[in-house]
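Novice: Okay, so here is entry-v6.pdb, and as you'll see once you scroll down, it has PDB, C-alpha atoms.
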MODEL        1
ATOM      1  CA  MET A  21       0.000   0.000   0.000  1.00  0.00           C
ATOM      2  CA  LYS A  22       2.853   2.329   0.718  1.00  0.00           C
ATOM      3  CA  GLN A  23       4.239   1.812  -2.772  1.00  0.00           C
ATOM      4  CA  GLU A  24       0.896   2.635  -4.369  1.00  0.00           C
ATOM      5  CA  GLY A  25       0.845   5.955  -2.499  1.00  0.00           C
ATOM      6  CA  LYS A  26       4.326   6.759  -3.793  1.00  0.00           C
ATOM      7  CA  GLN A  27       3.365   5.939  -7.358  1.00  0.00           C
ATOM      8  CA  ASN A  28       0.345   8.233  -7.163  1.00  0.00           C
ATOM      9  CA  LYS A  29       2.537  11.069  -5.902  1.00  0.00           C
ATOM     10  CA  MET A  30       5.008  10.538  -8.700  1.00  0.00           C
ATOM     11  CA  ALA A  31       2.242  10.488 -11.293  1.00  0.00           C
ATOM     12  CA  ALA A  32       0.817  13.816 -10.078  1.00  0.00           C
ATOM     13  CA  PRO A  33       3.368  16.088 -11.836  1.00  0.00           C
ATOM     14  CA  ASN A  34       2.435  14.610 -15.236  1.00  0.00           C
ATOM     15  CA  GLN A  35      -1.261  15.306 -14.721  1.00  0.00           C
ATOM     16  CA  PRO A  36      -2.567  18.807 -15.397  1.00  0.00           C
ATOM     17  CA  LYS A  37      -2.914  20.829 -12.214  1.00  0.00           C
ATOM     18  CA  THR A  38      -6.345  22.028 -11.300  1.00  0.00           C
ATOM     19  CA  GLU A  39      -6.230  25.588 -10.047  1.00  0.00           C
ATOM     20  CA  LYS A  40      -8.331  26.613  -7.126  1.00  0.00           C
ATOM     21  CA  PRO A  41     -10.944  29.184  -8.015  1.00  0.00           C
ATOM     22  CA  LYS A  42      -9.737  32.612  -6.933  1.00  0.00           C
ATOM     23  CA  LYS A  43     -11.787  34.342  -4.327  1.00  0.00           C
ATOM     24  CA  HIS A  44     -12.065  38.013  -5.168  1.00  0.00           C
ATOM     25  CA  PHE A  45      -8.410  39.033  -4.985  1.00  0.00           C
ATOM     26  CA  GLU A  46      -5.368  37.053  -3.937  1.00  0.00           C
ATOM     27  CA  LYS A  47      -3.105  38.506  -1.260  1.00  0.00           C
ATOM     28  CA  GLU A  48      -0.327  39.112  -3.791  1.00  0.00           C
ATOM     29  CA  ASP A  49      -2.698  41.035  -6.053  1.00  0.00           C
ATOM     30  CA  LEU A  50      -3.778  43.252  -3.158  1.00  0.00           C
ATOM     31  CA  GLU A  51      -0.188  44.149  -2.312  1.00  0.00           C
ATOM     32  CA  GLU A  52       0.575  45.120  -5.899  1.00  0.00           C
ATOM     33  CA  MET A  53      -2.494  47.330  -6.408  1.00  0.00           C
ATOM     34  CA  LEU A  54      -2.041  50.939  -5.358  1.00  0.00           C
ATOM     35  CA  ILE A  55      -4.820  53.453  -4.849  1.00  0.00           C
ATOM     36  CA  ARG A  56      -3.979  57.159  -5.196  1.00  0.00           C
ATOM     37  CA  ILE A  57      -5.499  59.383  -2.532  1.00  0.00           C
ATOM     38  CA  ALA A  58      -4.481  63.046  -2.163  1.00  0.00           C
ATOM     39  CA  GLY A  59      -1.356  62.505  -4.284  1.00  0.00           C
ATOM     40  CA  TYR A  60      -0.054  59.498  -2.331  1.00  0.00           C
ATOM     41  CA  ASP A  61      -0.033  55.847  -3.389  1.00  0.00           C
ATOM     42  CA  ILE A  62      -1.619  53.614  -0.763  1.00  0.00           C
ATOM     43  CA  PRO A  63      -1.376  49.794  -0.978  1.00  0.00           C
ATOM     44  CA  GLY A  64      -4.752  48.183  -1.640  1.00  0.00           C
ATOM     45  CA  SER A  65      -4.197  45.542   1.036  1.00  0.00           C
ATOM     46  CA  LYS A  66      -4.160  48.121   3.867  1.00  0.00           C
ATOM     47  CA  ARG A  67      -7.220  48.976   5.892  1.00  0.00           C
ATOM     48  CA  ILE A  68      -8.503  52.486   5.357  1.00  0.00           C
ATOM     49  CA  LEU A  69      -7.541  53.692   8.839  1.00  0.00           C
ATOM     50  CA  ALA A  70      -3.898  52.614   8.442  1.00  0.00           C
ATOM     51  CA  GLY A  71      -3.782  53.555   4.758  1.00  0.00           C
ATOM     52  CA  LEU A  72      -4.723  57.186   5.371  1.00  0.00           C
ATOM     53  CA  THR A  73      -1.753  57.570   7.727  1.00  0.00           C
ATOM     54  CA  ARG A  74       0.529  57.114   4.688  1.00  0.00           C
ATOM     55  CA  ILE A  75      -0.479  60.629   3.602  1.00  0.00           C
ATOM     56  CA  LYS A  76       1.905  63.275   4.941  1.00  0.00           C
ATOM     57  CA  GLY A  77       0.058  65.374   7.514  1.00  0.00           C
ATOM     58  CA  VAL A  78      -2.554  62.714   8.304  1.00  0.00           C
ATOM     59  CA  GLY A  79      -1.997  60.857  11.549  1.00  0.00           C
ATOM     60  CA  TRP A  80      -4.116  58.310  13.370  1.00  0.00           C
ATOM     61  CA  THR A  81      -6.345  60.973  14.911  1.00  0.00           C
ATOM     62  CA  VAL A  82      -7.192  62.676  11.621  1.00  0.00           C
ATOM     63  CA  ALA A  83      -7.615  59.318   9.853  1.00  0.00           C
ATOM     64  CA  ASN A  84     -10.017  58.187  12.578  1.00  0.00           C
ATOM     65  CA  ALA A  85     -11.952  61.481  12.374  1.00  0.00           C
ATOM     66  CA  THR A  86     -12.159  61.101   8.580  1.00  0.00           C
ATOM     67  CA  CYS A  87     -13.667  57.622   8.868  1.00  0.00           C
ATOM     68  CA  ILE A  88     -16.169  58.746  11.512  1.00  0.00           C
ATOM     69  CA  LYS A  89     -17.282  61.945   9.732  1.00  0.00           C
ATOM     70  CA  LEU A  90     -17.642  60.253   6.330  1.00  0.00           C
ATOM     71  CA  LYS A  91     -19.215  57.113   7.859  1.00  0.00           C
ATOM     72  CA  ILE A  92     -16.686  54.722   6.315  1.00  0.00           C
ATOM     73  CA  GLN A  93     -15.870  51.477   8.098  1.00  0.00           C
ATOM     74  CA  LYS A  94     -12.334  51.582   9.513  1.00  0.00           C
ATOM     75  CA  THR A  95     -11.773  47.900   8.756  1.00  0.00           C
ATOM     76  CA  LYS A  96     -12.622  48.316   5.067  1.00  0.00           C
ATOM     77  CA  LYS A  97      -9.706  47.711   2.669  1.00  0.00           C
ATOM     78  CA  VAL A  98      -8.459  50.607   0.559  1.00  0.00           C
ATOM     79  CA  LEU A  99      -9.074  48.556  -2.584  1.00  0.00           C
ATOM     80  CA  GLU A 100     -12.779  48.267  -1.736  1.00  0.00           C
ATOM     81  CA  LEU A 101     -13.330  52.052  -1.777  1.00  0.00           C
ATOM     82  CA  SER A 102     -15.460  53.457  -4.586  1.00  0.00           C
ATOM     83  CA  LYS A 103     -14.424  56.516  -6.606  1.00  0.00           C
ATOM     84  CA  GLU A 104     -17.049  58.619  -4.846  1.00  0.00           C
ATOM     85  CA  GLU A 105     -15.655  57.636  -1.427  1.00  0.00           C
ATOM     86  CA  ILE A 106     -12.114  58.492  -2.541  1.00  0.00           C
ATOM     87  CA  GLN A 107     -13.322  61.900  -3.744  1.00  0.00           C
ATOM     88  CA  LYS A 108     -15.099  62.502  -0.426  1.00  0.00           C
ATOM     89  CA  ILE A 109     -11.916  61.602   1.480  1.00  0.00           C
ATOM     90  CA  GLU A 110      -9.794  63.975  -0.628  1.00  0.00           C
ATOM     91  CA  GLU A 111     -12.292  66.835  -0.167  1.00  0.00           C
ATOM     92  CA  PHE A 112     -12.465  66.195   3.573  1.00  0.00           C
ATOM     93  CA  LEU A 113      -8.661  66.191   3.910  1.00  0.00           C
ATOM     94  CA  LYS A 114      -8.376  69.512   2.034  1.00  0.00           C
ATOM     95  CA  ASN A 115     -10.737  71.184   4.499  1.00  0.00           C
ATOM     96  CA  PRO A 116     -11.298  68.858   7.473  1.00  0.00           C
ATOM     97  CA  ASP A 117     -14.226  69.422   9.797  1.00  0.00           C
ATOM     98  CA  ILE A 118     -12.308  68.621  12.989  1.00  0.00           C
ATOM     99  CA  LYS A 119     -11.561  70.520  16.173  1.00  0.00           C
ATOM    100  CA  ASP A 120      -8.738  73.055  16.224  1.00  0.00           C
ATOM    101  CA  PHE A 121      -6.503  71.064  18.572  1.00  0.00           C
ATOM    102  CA  GLN A 122      -6.437  68.198  16.031  1.00  0.00           C
ATOM    103  CA  LYS A 123      -5.151  70.416  13.217  1.00  0.00           C
ATOM    104  CA  ASN A 124      -1.448  70.656  12.484  1.00  0.00           C
ATOM    105  CA  ARG A 125      -1.171  74.418  11.782  1.00  0.00           C
ATOM    106  CA  ARG A 126      -2.630  76.369  14.698  1.00  0.00           C
ATOM    107  CA  LYS A 127      -2.431  80.165  14.695  1.00  0.00           C
ATOM    108  CA  ASP A 128      -0.411  80.534  11.509  1.00  0.00           C
ATOM    109  CA  PRO A 129       2.147  83.385  11.949  1.00  0.00           C
ATOM    110  CA  GLU A 130       1.178  85.004   8.627  1.00  0.00           C
ATOM    111  CA  THR A 131      -2.613  84.770   8.716  1.00  0.00           C
ATOM    112  CA  GLY A 132      -3.346  83.993  12.368  1.00  0.00           C
ATOM    113  CA  GLU A 133      -5.841  81.292  11.340  1.00  0.00           C
ATOM    114  CA  THR A 134      -5.916  77.628  12.250  1.00  0.00           C
ATOM    115  CA  GLU A 135      -5.724  75.237   9.309  1.00  0.00           C
ATOM    116  CA  HIS A 136      -4.729  71.677   8.469  1.00  0.00           C
ATOM    117  CA  CYS A 137      -2.104  71.128   5.753  1.00  0.00           C
ATOM    118  CA  ILE A 138      -1.287  67.869   3.977  1.00  0.00           C
ATOM    119  CA  GLY A 139       1.327  66.747   1.477  1.00  0.00           C
ATOM    120  CA  ALA A 140       3.434  69.316  -0.348  1.00  0.00           C
ATOM    121  CA  ASP A 141       1.693  72.260   1.360  1.00  0.00           C
ATOM    122  CA  LEU A 142       2.844  70.992   4.751  1.00  0.00           C
ATOM    123  CA  GLU A 143       6.466  70.603   3.592  1.00  0.00           C
ATOM    124  CA  MET A 144       6.463  74.042   1.965  1.00  0.00           C
ATOM    125  CA  LYS A 145       5.089  75.779   5.069  1.00  0.00           C
ATOM    126  CA  ARG A 146       7.616  73.994   7.294  1.00  0.00           C
ATOM    127  CA  ASP A 147      10.462  75.131   5.024  1.00  0.00           C
ATOM    128  CA  PHE A 148       9.192  78.735   5.100  1.00  0.00           C
ATOM    129  CA  ASP A 149       9.009  78.601   8.906  1.00  0.00           C
ATOM    130  CA  ILE A 150      12.609  77.400   9.143  1.00  0.00           C
ATOM    131  CA  ARG A 151      13.774  80.110   6.713  1.00  0.00           C
ATOM    132  CA  ARG A 152      11.944  82.746   8.772  1.00  0.00           C
ATOM    133  CA  MET A 153      13.618  81.518  11.973  1.00  0.00           C
ATOM    134  CA  LYS A 154      17.038  81.634  10.287  1.00  0.00           C
ATOM    135  CA  LYS A 155      16.385  85.130   8.943  1.00  0.00           C
ATOM    136  CA  ILE A 156      15.395  86.611  12.318  1.00  0.00           C
ATOM    137  CA  LYS A 157      18.271  84.665  13.914  1.00  0.00           C
ATOM    138  CA  SER A 158      16.209  83.092  16.658  1.00  0.00           C
ATOM    139  CA  TYR A 159      17.768  80.367  18.796  1.00  0.00           C
ATOM    140  CA  LYS A 160      16.002  77.666  16.787  1.00  0.00           C
ATOM    141  CA  GLY A 161      17.124  79.303  13.529  1.00  0.00           C
ATOM    142  CA  ILE A 162      20.753  79.341  14.646  1.00  0.00           C
ATOM    143  CA  ARG A 163      20.546  75.669  15.639  1.00  0.00           C
ATOM    144  CA  HIS A 164      19.034  74.803  12.225  1.00  0.00           C
ATOM    145  CA  THR A 165      21.830  76.691  10.468  1.00  0.00           C
ATOM    146  CA  ALA A 166      24.521  74.891  12.477  1.00  0.00           C
ATOM    147  CA  GLY A 167      22.915  71.495  11.862  1.00  0.00           C
ATOM    148  CA  LEU A 168      22.481  70.890  15.590  1.00  0.00           C
ATOM    149  CA  PRO A 169      19.413  69.582  17.447  1.00  0.00           C
ATOM    150  CA  VAL A 170      16.757  72.232  17.898  1.00  0.00           C
ATOM    151  CA  ARG A 171      14.626  70.882  20.718  1.00  0.00           C
ATOM    152  CA  GLY A 172      17.122  70.573  23.561  1.00  0.00           C
ATOM    153  CA  GLN A 173      18.488  67.102  22.973  1.00  0.00           C
ATOM    154  CA  ARG A 174      21.957  66.253  24.282  1.00  0.00           C
ATOM    155  CA  THR A 175      24.883  66.542  21.884  1.00  0.00           C
ATOM    156  CA  ARG A 176      27.647  64.813  23.798  1.00  0.00           C
ATOM    157  CA  SER A 177      27.036  61.380  22.340  1.00  0.00           C
ATOM    158  CA  HIS A 178      24.559  62.007  19.527  1.00  0.00           C
ATOM    159  CA  PHE A 179      24.226  64.218  16.465  1.00  0.00           C
ATOM    160  CA  ARG A 180      27.771  63.646  15.331  1.00  0.00           C
ATOM    161  CA  LYS A 181      27.992  63.966  11.603  1.00  0.00           C
ATOM    162  CA  LYS A 182      30.420  62.414   9.209  1.00  0.00           C
ATOM    163  CA  GLY A 183      33.317  64.717   8.452  1.00  0.00           C
ATOM    164  CA  LYS A 184      33.583  66.280  11.903  1.00  0.00           C
ATOM    165  CA  ALA A 185      36.294  65.099  14.279  1.00  0.00           C
ATOM    166  CA  VAL A 186      34.775  62.565  16.648  1.00  0.00           C
ATOM    167  CA  SER A 187      37.868  61.492  18.562  1.00  0.00           C
ATOM    168  CA  VAL A 188      41.580  62.202  18.784  1.00  0.00           C
ATOM    169  CA  GLN A 189      43.284  61.304  15.532  1.00  0.00           C
ATOM    170  CA  LYS A 190      46.588  59.464  15.447  1.00  0.00           C
ATOM    171  CA  LYS A 191      49.633  61.042  13.885  1.00  0.00           C
ATOM    172  CA  ALA A 192      50.664  59.698  10.522  1.00  0.00           C
ATOM    173  CA  SER A 193      53.257  56.984  11.086  1.00  0.00           C
ATOM    174  CA  LYS A 194      56.622  57.415   9.398  1.00  0.00           C
ATOM    175  CA  GLY A 195      57.881  54.631   7.172  1.00  0.00           C
ATOM    176  CA  LYS A 196      60.253  52.168   8.862  1.00  0.00           C
ATOM    177  CA  LYS A 197      63.854  52.249   7.791  1.00  0.00           C
ATOM    178  CA  GLY A 198      65.226  48.820   7.502  1.00  0.00           C
TER     179      GLY A 198
ENDMDL
END
In structure tokens, what does this structure look like?
Specialist:
Amino acid sequence: MKQEGKQNKMAAPNQPKTEKPKKHFEKEDLEEMLIRIAGYDIPGSKRILAGLTRIKGVGWTVANATCIKLKIQKTKKVLELSKEEIQKIEEFLKNPDIKDFQKNRRKDPETGETEHCIGADLEMKRDFDIRRMKKIKSYKGIRHTAGLPVRGQRTRSHFRKKGKAVSVQKKASKGKKG
């Protein structure tokens, strides 16, 4: 009986393989599919709550508020979103209806308003803020210019960059005379 089992196993490679019917999407297909929301590619296999955090300027709090306000299930996969839902998400993220303490740009120095920036707008405003600090030569601006930590971290053992002397260097050894 054992030999019969071995013969059947050996005969299997010659027989045509029957493929299992695919469900809706295989796991590999989900990983490869990307959905574009607010200018960022989000893997289709991610859940909507985690997927929204891939967008620069959208953290867990804003992603959660987005799902609640738009009445989208948090466990829903990004791939399962319809075009209308994606449009609603993009519109909500441009002008979110959330409380001021959840927004990332409170009391803007130029306008004095509270707003929420995402993507390239957030990067651009951060760069302008750093340039302004450098121009007025504030403490933070001077630290940015010097390439040192801005928020009070220690510098004795960290923030050493390549090219600066880290330790005592040895003198160049002279060739031996033999």
Novice: Expand the PyMOL selection byres ((chain A and resi 73-78) around 10) into the individual residues it matches in the shown file, reporting them as number ranges by chain.
Specialist: A: 57-63, 68-72, 79-84, 86, 113, 123-124, 136-143
Novice: Pull C-alpha atoms from the residues just selected and write them as a short mmCIF file (atom, residue, chain, number, x, y, z; two decimals), in the frame of the given file.
Specialist:
data_model
loop_
_atom_site.label_atom_id
_atom_site.label_comp_id
_atom_site.auth_asym_id
_atom_site.auth_seq_id
_atom_site.Cartn_x
_atom_site.Cartn_y
_atom_site.Cartn_z
CA ILE A 57 -5.50 59.38 -2.53
CA ALA A 58 -4.48 63.05 -2.16
CA GLY A 59 -1.36 62.50 -4.28
CA TYR A 60 -0.05 59.50 -2.33
CA ASP A 61 -0.03 55.85 -3.39
CA ILE A 62 -1.62 53.61 -0.76
CA PRO A 63 -1.38 49.79 -0.98
CA ILE A 68 -8.50 52.49 5.36
CA LEU A 69 -7.54 53.69 8.84
CA ALA A 70 -3.90 52.61 8.44
CA GLY A 71 -3.78 53.56 4.76
CA LEU A 72 -4.72 57.19 5.37
CA GLY A 79 -2.00 60.86 11.55
CA TRP A 80 -4.12 58.31 13.37
CA THR A 81 -6.34 60.97 14.91
CA VAL A 82 -7.19 62.68 11.62
CA ALA A 83 -7.62 59.32 9.85
CA ASN A 84 -10.02 58.19 12.58
CA THR A 86 -12.16 61.10 8.58
CA LEU A 113 -8.66 66.19 3.91
CA LYS A 123 -5.15 70.42 13.22
CA ASN A 124 -1.45 70.66 12.48
CA HIS A 136 -4.73 71.68 8.47
CA CYS A 137 -2.10 71.13 5.75
CA ILE A 138 -1.29 67.87 3.98
CA GLY A 139 1.33 66.75 1.48
CA ALA A 140 3.43 69.32 -0.35
CA ASP A 141 1.69 72.26 1.36
CA LEU A 142 2.84 70.99 4.75
CA GLU A 143 6.47 70.60 3.59
#
Novice: For the file shown, report as a list in words the outcome of the PyMOL selection byres ((chain A and resi 161) around 12) at residue level.
Specialist: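 Taken on the displayed file, the PyMOL selection byres ((chain A and resi 161) around 12) yields the residues Asp147, Phe148, Asp149, Ile150, Arg151, Arg152, Met153, Lys154, Lys155, Ile156, Lys157, Ser158, Tyr159, Lys160, Ile162, Arg163, His164, Thr165, Ala166, Gly167, Leu168, Pro169, Val170 and Arg171 of chain A.
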Novice: Quick one: write out the picked residues with C-alpha atoms as an mmCIF file, in the coordinates of the input?
Specialist:
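What landed in result02.cif:
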data_model
loop_
_atom_site.group_PDB
_atom_site.id
_atom_site.type_symbol
_atom_site.label_atom_id
_atom_site.label_comp_id
_atom_site.auth_asym_id
_atom_site.auth_seq_id
_atom_site.Cartn_x
_atom_site.Cartn_y
_atom_site.Cartn_z
ATOM 1 C CA ASP A 147 10.462 75.131 5.024
ATOM 2 C CA PHE A 148 9.192 78.735 5.100
ATOM 3 C CA ASP A 149 9.009 78.601 8.906
ATOM 4 C CA ILE A 150 12.609 77.400 9.143
ATOM 5 C CA ARG A 151 13.774 80.110 6.713
ATOM 6 C CA ARG A 152 11.944 82.746 8.772
ATOM 7 C CA MET A 153 13.618 81.518 11.973
ATOM 8 C CA LYS A 154 17.038 81.634 10.287
ATOM 9 C CA LYS A 155 16.385 85.130 8.943
ATOM 10 C CA ILE A 156 15.395 86.611 12.318
ATOM 11 C CA LYS A 157 18.271 84.665 13.914
ATOM 12 C CA SER A 158 16.209 83.092 16.658
ATOM 13 C CA TYR A 159 17.768 80.367 18.796
ATOM 14 C CA LYS A 160 16.002 77.666 16.787
ATOM 15 C CA ILE A 162 20.753 79.341 14.646
ATOM 16 C CA ARG A 163 20.546 75.669 15.639
ATOM 17 C CA HIS A 164 19.034 74.803 12.225
ATOM 18 C CA THR A 165 21.830 76.691 10.468
ATOM 19 C CA ALA A 166 24.521 74.891 12.477
ATOM 20 C CA GLY A 167 22.915 71.495 11.862
ATOM 21 C CA LEU A 168 22.481 70.890 15.590
ATOM 22 C CA PRO A 169 19.413 69.582 17.447
ATOM 23 C CA VAL A 170 16.757 72.232 17.898
ATOM 24 C CA ARG A 171 14.626 70.882 20.718
#
Novice: Fewer than 5 positions away in the same chain doesn't count, so skip those; otherwise give me all residues within 10 Å of Asp128 (chain A), counting all atoms listed in the file, as a PyMOL selection string.
Specialist: chain A and resi 133-135+145+149
Novice: How big is the axis-aligned box, and where does its centre sit, when it encloses all atoms of region 85-98 of chain A listed in the file and has 4 Å added on every side, reported in Å to one decimal as AutoDock Vina command-line options?
Specialist:
--center_x -13.8 --center_y 54.8 --center_z 6.5 --size_x 18.8 --size_y 22.2 --size_z 19.8
Novice: By how many Å are CA of Glu130 (chain A) and CA of Glu110 (chain A) apart?
Specialist: 25.5 Å
Novice: So which one's closest to Gln93 (chain A), A:Gln107, A:Asn115, A:Arg67, A:Thr175? Using all atoms listed in the file, please.
Specialist: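 Closest candidate: A:Arg67.
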Novice: For a quick check of understanding, using all atoms listed in the file, which of A:Glu100, A:Gln173, A:Ala85, A:Lys190 has the smallest distance to Lys119 (chain A)?
Specialist: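 Selected residue with least distance to Lys119 (chain A): A:Ala85.
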Novice: Where atoms are missing, can you supply N, CA and C atoms for region 55-73 of chain A and output the lot as a compact mmCIF listing (two decimals), keeping the file's coordinate frame?
Specialist:
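Once everything was written out, this is result.txt:
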# COMPACT_ATOMS: atom_id res chain seq x y z
N ILE A 55 -3.74 52.49 -4.68
CA ILE A 55 -4.82 53.45 -4.85
C ILE A 55 -4.25 54.83 -4.53
N ARG A 56 -4.53 55.81 -5.38
CA ARG A 56 -3.98 57.16 -5.20
C ARG A 56 -5.02 58.03 -4.49
N ILE A 57 -4.65 58.48 -3.30
CA ILE A 57 -5.50 59.38 -2.53
C ILE A 57 -4.66 60.59 -2.13
N ALA A 58 -5.13 61.78 -2.51
CA ALA A 58 -4.48 63.05 -2.16
C ALA A 58 -3.01 63.07 -2.60
N GLY A 59 -2.71 62.46 -3.74
CA GLY A 59 -1.36 62.50 -4.28
C GLY A 59 -0.41 61.47 -3.71
N TYR A 60 -0.90 60.54 -2.92
CA TYR A 60 -0.05 59.50 -2.33
C TYR A 60 -0.58 58.13 -2.73
N ASP A 61 0.34 57.22 -3.05
CA ASP A 61 -0.03 55.85 -3.39
C ASP A 61 -0.18 55.04 -2.11
N ILE A 62 -1.33 54.41 -1.96
CA ILE A 62 -1.62 53.61 -0.76
C ILE A 62 -1.86 52.18 -1.20
N PRO A 63 -1.16 51.20 -0.61
CA PRO A 63 -1.38 49.79 -0.98
C PRO A 63 -2.83 49.37 -0.76
N GLY A 64 -3.37 48.62 -1.71
CA GLY A 64 -4.75 48.18 -1.64
C GLY A 64 -5.03 47.21 -0.52
N SER A 65 -4.00 46.54 -0.02
CA SER A 65 -4.20 45.54 1.04
C SER A 65 -4.39 46.18 2.41
N LYS A 66 -4.04 47.45 2.57
CA LYS A 66 -4.16 48.12 3.87
C LYS A 66 -5.61 48.44 4.19
N ARG A 67 -5.91 48.50 5.47
CA ARG A 67 -7.22 48.98 5.89
C ARG A 67 -7.22 50.49 5.78
N ILE A 68 -8.40 51.06 5.63
CA ILE A 68 -8.50 52.49 5.36
C ILE A 68 -7.90 53.34 6.48
N LEU A 69 -8.07 52.92 7.71
CA LEU A 69 -7.54 53.69 8.84
C LEU A 69 -6.02 53.77 8.78
N ALA A 70 -5.36 52.64 8.53
CA ALA A 70 -3.90 52.61 8.44
C ALA A 70 -3.42 53.22 7.13
N GLY A 71 -4.19 53.04 6.07
CA GLY A 71 -3.78 53.56 4.76
C GLY A 71 -3.74 55.07 4.71
N LEU A 72 -4.70 55.72 5.38
CA LEU A 72 -4.72 57.19 5.37
C LEU A 72 -3.52 57.78 6.08
N THR A 73 -2.92 57.04 7.01
CA THR A 73 -1.75 57.57 7.73
C THR A 73 -0.52 57.63 6.83
